[in-house]
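S.K.: Can you read through this structure? Questions will come right after.
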Amino acid sequence: MTTTPTQIALVLGLALAATSPTLGAAGTFSVLAALSMSAAGAGTTVSGDLGLSPGLASSKTGPWTVGGTQYFGPLSLAFTAQGAALNAFINLAGQASSGTWAASPWSPVPGVWTAASDTTFAGTITLSGGYNDVWVFQMARDMTFSGSVVLTGNAQPCNVFWEIGRSATIASGSTFVGTLIASEDVTLVSGASVNGRIISLNSSLTTDGNRI
């Protein structure tokens with residue numbers, strides 16, 4: 001029987017190294033969606049660019065405060081960014097797993113952590129590492145996140161990635177970190193904040209008084 005690198009790493013208690021995908025044109029976007037984008041309540045604030053493609057400007061509703069540039073439609077930079085985001089999604093999905101998703105409180109070492117079914121997390125994930133350490137979280141189906149992602153040491157938000165096979169929900173009051181790329185819908189519930197970026201490849205983004 002042949003032993004795989006993943007099996008060897010798990011036996012030794014080691015995590016396989018995760019790598020950051022190239023974000024390309026998607027890198028300047030705080031929020032990027034395909035069909036529509038809505039903001040309820042007091043509105044949503046984003047620090048970088050905002051994009052919809054193939055959705056048009058008319059598909060963005062509610063109050064938004066945008067620190068960067070807004071792009072709409074299949075002839076805009078948002079279209080190019082969606083292609084780059086899809087490539088990043090494929091890269092993330094293809095990285096070899098270091099182990100399975102765990103319950104709170106969880107302090108995963110840098111690596112690739114995987115859930116094969118619908119996943120709900122309530123509590124705290126603590127990521128401790130250096131400037132170049134990378135965490136990839138692979139979710140095969142839907143994810144609901146309620147709680148906090150805490151960075152310690154020199155861990156960087158730009159090195160945290162979430163690959164969501166279907167839809168994602170960030171629950172009320174949550175503090176979320178990293179680049180989240182979902183195949184379908186992303187919902188940010190009232191008061192949730194994101195230190196990173198939110199991307200829906202094929203569907204919509206729904207927000208309610210959030211800061212990204």
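Here, A, B, ... name the chains of the structure tokens in the order displayed, residue numbers run from 1 inside each chain, and ligands are numbered from 1 in the same displayed order.
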Which residues of region 59-173 of chain A come within 7 Å of region 29-46 of chain A, and what is each one's closest atom pair and distance in Å (one decimal), counting only C-alpha atoms, sorted by chain and residue number, as CSV?
M.R.:
```
residue,atom,partner,partner_atom,distance
A:Ser59,CA,A:Ser36,CA,4.8
A:Lys60,CA,A:Met37,CA,4.7
A:Thr61,CA,A:Ser38,CA,4.7
A:Gly62,CA,A:Ala39,CA,4.6
A:Pro63,CA,A:Gly43,CA,4.6
A:Trp64,CA,A:Thr44,CA,5.1
A:Thr65,CA,A:Thr45,CA,4.6
A:Val66,CA,A:Val46,CA,5.1
A:Gly67,CA,A:Val46,CA,6.1
```
S.K.: Can you write out the residues you just picked, keeping C-alpha atoms, as an mmCIF file, in the first residue's frame?
M.R.:
```cif
data_model
loop_
_atom_site.group_PDB
_atom_site.id
_atom_site.type_symbol
_atom_site.label_atom_id
_atom_site.label_comp_id
_atom_site.auth_asym_id
_atom_site.auth_seq_id
_atom_site.Cartn_x
_atom_site.Cartn_y
_atom_site.Cartn_z
ATOM 1 C CA SER A 59 -28.668 45.435 -9.048
ATOM 2 C CA LYS A 60 -26.935 47.216 -6.143
ATOM 3 C CA THR A 61 -29.476 48.400 -3.570
ATOM 4 C CA GLY A 62 -29.383 50.103 -0.188
ATOM 5 C CA PRO A 63 -26.896 52.534 1.353
ATOM 6 C CA TRP A 64 -23.230 51.819 0.652
ATOM 7 C CA THR A 65 -20.090 53.762 1.593
ATOM 8 C CA VAL A 66 -17.296 52.728 -0.778
ATOM 9 C CA GLY A 67 -13.689 53.749 -0.230
#
```
S.K.: Using DSSP on the backbone, list every residue of region 2-212 of chain A that comes out as helix (DSSP H, G or I), and give them as a count of residues only.
M.R.: 35
S.K.: Which residues in chain A does DSSP call strand (DSSP E)? List them as an MDAnalysis selection string.
M.R.: chainID A and resid 29:33 36:40 44:46 49:52 60:61 64:66 70:72 99:100 111:115 119:129 135:139 143:153 160:164 168:170 175:182 186:188 193:200 204:208
S.K.: When you count only C-alpha atoms, which of these residues is closest to Asn87 (chain A): A:Ala57, A:Leu50, A:Ile125, A:Ala25?
M.R.: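 Looking at the shortest contact to Asn87 (chain A), the residue is A:Ala25.
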S.K.: Neighbouring residues of Arg166 (chain A) were defined as those with any atom within 7 Å, considering only C-alpha atoms; residues of the same chain fewer than 2 positions away were excluded. Please report them as a PyMOL selection string.
M.R.: chain A and resi 141-142+164+182-184
S.K.: Do you have the CA of Leu52 (chain A)-CA of Gly94 (chain A) distance handy?
M.R.: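 These two atoms are separated by 25.9 Å.
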S.K.: So that I can check the surroundings of Val189 (chain A), please list as a PyMOL selection string every protein, DNA and RNA residue that reaches within 6 Å of it, counting only C-alpha atoms and ignoring chain neighbours fewer than 2 positions away.
M.R.: chain A and resi 171-172+192+208
S.K.: Compare A:Ser203, A:Gly130, A:Gly123, A:Gly68 by their minimum atom-to-atom distance to Phe176 (chain A), counting only C-alpha atoms, and give me the closest one.
M.R.: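 Of A:Ser203, A:Gly130, A:Gly123, A:Gly68, the one nearest Phe176 (chain A) is A:Gly123, counting only C-alpha atoms.
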S.K.: Using only C-alpha atoms, pick whichever of A:Val149, A:Val109, A:Ala78, A:Ile181 has the shortest atom-to-atom distance to Thr124 (chain A).
M.R.: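 Result for the nearest residue to Thr124 (chain A): A:Val149.
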S.K.: For Thr80 (chain A), please output as a count of residues only all residues within 10 Å (counting only C-alpha atoms; exclusion window: fewer than 5 positions along the same chain).
M.R.: 7
S.K.: Within 9 Å of Val177 (chain A), counting only C-alpha atoms, which residues show up once you throw out same-chain ones fewer than 4 positions away? Write them as a VMD selection string, please.
M.R.: chain A and resid 148 to 151 157 to 158 160 to 161 193 to 197
S.K.: Would you mind telling me which residue in A:Phe121, A:Trp113, A:Phe145, A:Tyr71 lies nearest to Leu92 (chain A) when using only C-alpha atoms?
M.R.: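 Comparing A:Phe121, A:Trp113, A:Phe145, A:Tyr71 against Leu92 (chain A), the winner is A:Trp113.
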